Amino acid sequence: MYKFSSMDENIAKLAKYNFWYGNAIETGFNRDKYTKKILDYLNSRLVKVLVGQRRAGKSYILRQIAKQLINNGVAAENIFFINKEFTDFDFISTYKELESIVKEYRKNLHTVGKTYLFIDEIQMIEGWEHFVNSYSQNYTEDYEIFITGSNSQMLSGELSTLLSGRYVKFEIFPYSYSEYLELTQEQKSKQSYIKYMEYGGLPELFYLPNDEARTNYISGLKDTILLRDIIQRYNIKDAKLLEDVFIYLVNNASHLISITNIINYFESKKRKTSYDTLSNYIGYMEQAYLVHKADRYNIKGKDVISGNCKYYINDLSFRKYLYSGFDYGLGNKLENLIYLELKRKGYIIYTGMMREKEIDFVANKEDKIIYIQSCYMLTDESVIIREYTPLQTIKDSYNKYVVSMDDFKFSSKEGIEHVQAWEIQDVI
């Protein structure tokens with residue numbers, strides 16, 4: 001590797017994590033669906049913002065984008081990459097320090113032309129939004145900015161006000177079923193879908209040797225998210241209650257619940273809490289992308305119903321490796337996976353109500369609406385009637401599906417299509 005005679009310590013640290021001077025930086029499994037979508041916004045002053053749960057793969061996607069730029073002719077020295085989770089970058093704690101190191105980097109590497117700034121977990125830098133606003137709109141020098149964060153609140157408040165629409169957001173999820181198949185080279189089938197359903201899609205799990213290592217990894221990840229993204233950020237006093245609420249949501253995912261239900265549950269365990277506390281704790285978990293909420297929607301009245309709602313976990317590995325002893329069946333897992341696939345496709349998702357009947361998903365994207373019922377198996381006529389009847393009450397012409405794990409595909413019924421679960425990503 002080329003060495004500077006006067007390279008200072010901080011620039012030396014930077015060099016370890018960048019593609020400069022022929023460095024071979026690991027880029028991981030290619031996630032083309034994300035990189036292509038993000039690169040569509042290349043050569044614009046829009047800040048590219050990747051958000052999502054920790055360890056979902058945001059860092060690798062940033063590196064893949066940087067590598068693609070180099071493959072397309074951008075000089076490696078024009079790409080600046082830091083990951084604030086690495087202790088090597090503890091010397092950058094404020095936006096002023098970030099600005100100083102960017103200037104020092106450009107001076108040392110004698111960069112010419114556009115500079116591409118990749119800043120991973122940027123929310124760990126105090127006042128970062130001032131840096132992003134200034135550098136993304138600096139018309140005297142040419143910068144293009146890519147940032148990631150593990151908390152949805154990073155795009156509210158001051159950054160949203162400062163940039164006022166001058167950014168584009170991409171939510172990054174753990175591996176989808178199609179990515180799982182590509183990675184494992186398995187065939188699309190019921191058997192491979194069950195394996196995917198059972199183990200989850202967090203990228204690091206695919207490189208760990210056994211279930212003990214995976215359990216330790218997921219436990220550590222859960223602790224890190226709760227501590228760094230919630231407890232420290234919001235000065236949580238009762239960390240044990242926070243974790244117990246998370247356990248409750250994991251084991252009641254895809255069930256209709258309310259804050260009152262949770263209060264009653266904890267009271268039955270002789271633990272008192274308040275509506276506001278539980279509401280805040282769940283909100284913090286949503287902001288950290290641990291769980292997602294689906295409100296109830298009145299299909300006939302076309303309005304959101306307050307009260308009960310459903311929560312879905314961001315990856316089923318939390319259930320598999322941490323809380324597998326609880327009653328959480330294959331039907332619940334299937335519904336959770338369908339929800340996540342809809343989220344990946346960019347739908348706004350509700351739990352539907354029509355004439356007192358529940359429809360698992362009302363999903364809306366632009367002018368498209370789809371209705372989905374999820375069922376593990378259509379075992380007999382009574383189950384078929386139970387699953388199809390709610391969809392039959394909806395008289396509009398939008399697509400309606402019943403998704404199950406049955407070995408054979410049922411014929412369409414009154415315009416309602418049956419879909420085997422492992423085919424759903426090709427239908428929605």
# chains A, B, ... in the order shown; residues from 1 in each chain; ligands from 1
>>> select_by_dssp(residues="stretch 6-73 of chain A", states="strand (DSSP E)", output="PDB file with N, CA and C atoms, in the first residue's frame")
ATOM      1  N   VAL A  47     -29.792  14.142  -0.826  1.00  0.00           N
ATOM      2  CA  VAL A  47     -29.057  13.304   0.120  1.00  0.00           C
ATOM      3  C   VAL A  47     -29.710  11.925   0.119  1.00  0.00           C
ATOM      4  N   LYS A  48     -28.912  10.902  -0.084  1.00  0.00           N
ATOM      5  CA  LYS A  48     -29.411   9.532  -0.083  1.00  0.00           C
ATOM      6  C   LYS A  48     -29.340   8.985   1.346  1.00  0.00           C
ATOM      7  N   VAL A  49     -30.491   8.684   1.934  1.00  0.00           N
ATOM      8  CA  VAL A  49     -30.575   8.294   3.346  1.00  0.00           C
ATOM      9  C   VAL A  49     -31.059   6.854   3.443  1.00  0.00           C
ATOM     10  N   LEU A  50     -30.218   5.988   3.995  1.00  0.00           N
ATOM     11  CA  LEU A  50     -30.579   4.590   4.216  1.00  0.00           C
ATOM     12  C   LEU A  50     -30.923   4.418   5.686  1.00  0.00           C
ATOM     13  N   VAL A  51     -32.115   3.914   5.971  1.00  0.00           N
ATOM     14  CA  VAL A  51     -32.552   3.727   7.347  1.00  0.00           C
ATOM     15  C   VAL A  51     -32.958   2.276   7.549  1.00  0.00           C
TER      16      VAL A  51
END
>>> residues_around(residues="A:Leu46", least_positions_apart="5", cutoff="8 Å", atoms="only C-alpha atoms", output="MDAnalysis selection string")
chainID A and resid 41 136 144:145 166:168
>>> select_by_dssp(residues="stretch 133-319 of chain A", states="helix (DSSP H, G or I)", output="NGL selection string")
:A and (133-136 or 152-155 or 158-163 or 177-184 or 190-199 or 203-207 or 211-234 or 239-251 or 259-268 or 275-287 or 317-319)
>>> residues_around(residues="A:Ala288", least_positions_apart="2", cutoff="8 Å", atoms="only C-alpha atoms", output="PyMOL selection string")
chain A and resi 52-53+150-152+225+229-230+284-286+290-291
>>> residues_around(residues="stretch 328-337 of chain A", least_positions_apart="2", cutoff="6 Å", atoms="only C-alpha atoms", output="mmCIF file with N, CA and C atoms, in the first residue's frame")
data_model
loop_
_atom_site.group_PDB
_atom_site.id
_atom_site.type_symbol
_atom_site.label_atom_id
_atom_site.label_comp_id
_atom_site.auth_asym_id
_atom_site.auth_seq_id
_atom_site.Cartn_x
_atom_site.Cartn_y
_atom_site.Cartn_z
ATOM 1 N N SER A 254 -48.667 -10.143 14.958
ATOM 2 C CA SER A 254 -49.766 -10.509 14.054
ATOM 3 C C SER A 254 -51.092 -10.758 14.779
ATOM 4 N N TYR A 312 -45.744 -6.187 14.025
ATOM 5 C CA TYR A 312 -44.954 -7.227 13.377
ATOM 6 C C TYR A 312 -43.485 -6.971 13.683
ATOM 7 N N PHE A 326 -42.371 -19.643 23.446
ATOM 8 C CA PHE A 326 -43.709 -19.067 23.535
ATOM 9 C C PHE A 326 -44.594 -19.597 22.401
ATOM 10 N N TYR A 339 -46.286 -9.390 5.750
ATOM 11 C CA TYR A 339 -46.210 -7.969 6.088
ATOM 12 C C TYR A 339 -44.873 -7.384 5.654
ATOM 13 N N LEU A 340 -43.774 -8.059 5.988
ATOM 14 C CA LEU A 340 -42.443 -7.542 5.651
ATOM 15 C C LEU A 340 -42.239 -7.467 4.141
ATOM 16 N N SER A 374 -54.186 -14.175 5.179
ATOM 17 C CA SER A 374 -53.088 -15.099 5.431
ATOM 18 C C SER A 374 -53.577 -16.254 6.289
ATOM 19 N N CYS A 375 -53.243 -17.478 5.871
ATOM 20 C CA CYS A 375 -53.675 -18.667 6.613
ATOM 21 C C CYS A 375 -52.615 -19.738 6.431
ATOM 22 N N TYR A 376 -52.245 -20.421 7.512
ATOM 23 C CA TYR A 376 -51.206 -21.435 7.383
ATOM 24 C C TYR A 376 -51.625 -22.533 6.401
#
>>> closest_residue(among="A:Tyr234, A:Ser44, A:Ile101, A:Tyr143", to="A:Ile79", atoms="only C-alpha atoms")
A:Tyr143
>>> residues_around(residues="A:Lys300", least_positions_apart="2", cutoff="10 Å", atoms="only C-alpha atoms", output="list of chain:residue names")
A:Tyr297, A:Asn298, A:Lys302, A:Asp303, A:Gly352, A:Met353, A:Met354, A:Arg355, A:Ile394, A:Lys395
>>> write_last_selection(atoms="C-alpha atoms", output="PDB file, in the first residue's frame")
ATOM      1  CA  TYR A 297     -58.701   0.442   8.603  1.00  0.00           C
ATOM      2  CA  ASN A 298     -62.443   0.663   7.935  1.00  0.00           C
ATOM      3  CA  LYS A 302     -62.233   4.587   4.339  1.00  0.00           C
ATOM      4  CA  ASP A 303     -60.809   5.757   7.654  1.00  0.00           C
ATOM      5  CA  GLY A 352     -58.758  -4.150   7.352  1.00  0.00           C
ATOM      6  CA  MET A 353     -62.253  -4.282   8.789  1.00  0.00           C
ATOM      7  CA  MET A 354     -65.341  -4.852   6.659  1.00  0.00           C
ATOM      8  CA  ARG A 355     -68.748  -5.501   8.194  1.00  0.00           C
ATOM      9  CA  ILE A 394     -65.452  -6.288  -0.493  1.00  0.00           C
ATOM     10  CA  LYS A 395     -67.171  -5.345  -3.731  1.00  0.00           C
TER      11      LYS A 395
END
>>> residues_around(residues="A:Arg31", least_positions_apart="2", cutoff="9 Å", atoms="only C-alpha atoms", output="NGL selection string")
:A and (28-29 or 33-36 or 60-61 or 64 or 175 or 179)
>>> write_last_selection(atoms="C-alpha atoms", output="PDB file, in the first residue's frame")
ATOM      1  CA  GLY A  28     -20.643  -8.797   1.027  1.00  0.00           C
ATOM      2  CA  PHE A  29     -23.617 -10.336  -0.752  1.00  0.00           C
ATOM      3  CA  LYS A  33     -32.577  -4.342  -5.695  1.00  0.00           C
ATOM      4  CA  TYR A  34     -31.405  -1.695  -3.232  1.00  0.00           C
ATOM      5  CA  THR A  35     -28.250  -0.505  -4.996  1.00  0.00           C
ATOM      6  CA  LYS A  36     -29.977  -0.067  -8.352  1.00  0.00           C
ATOM      7  CA  TYR A  60     -22.603  -3.329   3.112  1.00  0.00           C
ATOM      8  CA  ILE A  61     -25.033  -1.617   0.751  1.00  0.00           C
ATOM      9  CA  GLN A  64     -21.526  -1.859  -2.698  1.00  0.00           C
ATOM     10  CA  TYR A 175     -32.795 -10.516   3.469  1.00  0.00           C
ATOM     11  CA  GLU A 179     -32.349 -12.907  -1.560  1.00  0.00           C
TER      12      GLU A 179
END
>>> residues_around(residues="stretch 196-202 of chain A", least_positions_apart="3", cutoff="9 Å", atoms="only C-alpha atoms", output="ChimeraX atom specification")
/A:55-57,173-177,179-181,191-193,205-206,315-321,330,333-334,337
>>> closest_residue(among="A:Thr273, A:Asn280, A:Thr184, A:Thr260", to="A:Asn235", atoms="only C-alpha atoms")
A:Asn280
>>> closest_residue(among="A:Arg54, A:Lys222, A:Lys103, A:His418", to="A:Glu387", atoms="only C-alpha atoms")
A:His418
>>> closest_residue(among="A:Thr161, A:Ser59, A:Gln232, A:Asn133", to="A:Pro203", atoms="only C-alpha atoms")
A:Ser59
>>> atom_distance(atom1="atom CA of A:Ala213", atom2="atom CA of A:Leu322")
12.2 Å
>>> closest_residue(among="A:Val112, A:Ile236, A:Ile122, A:Ala12", to="A:Asp142", atoms="only C-alpha atoms")
A:Val112
>>> atom_distance(atom1="atom CA of A:Phe89", atom2="atom CA of A:Ile147")
15.5 Å
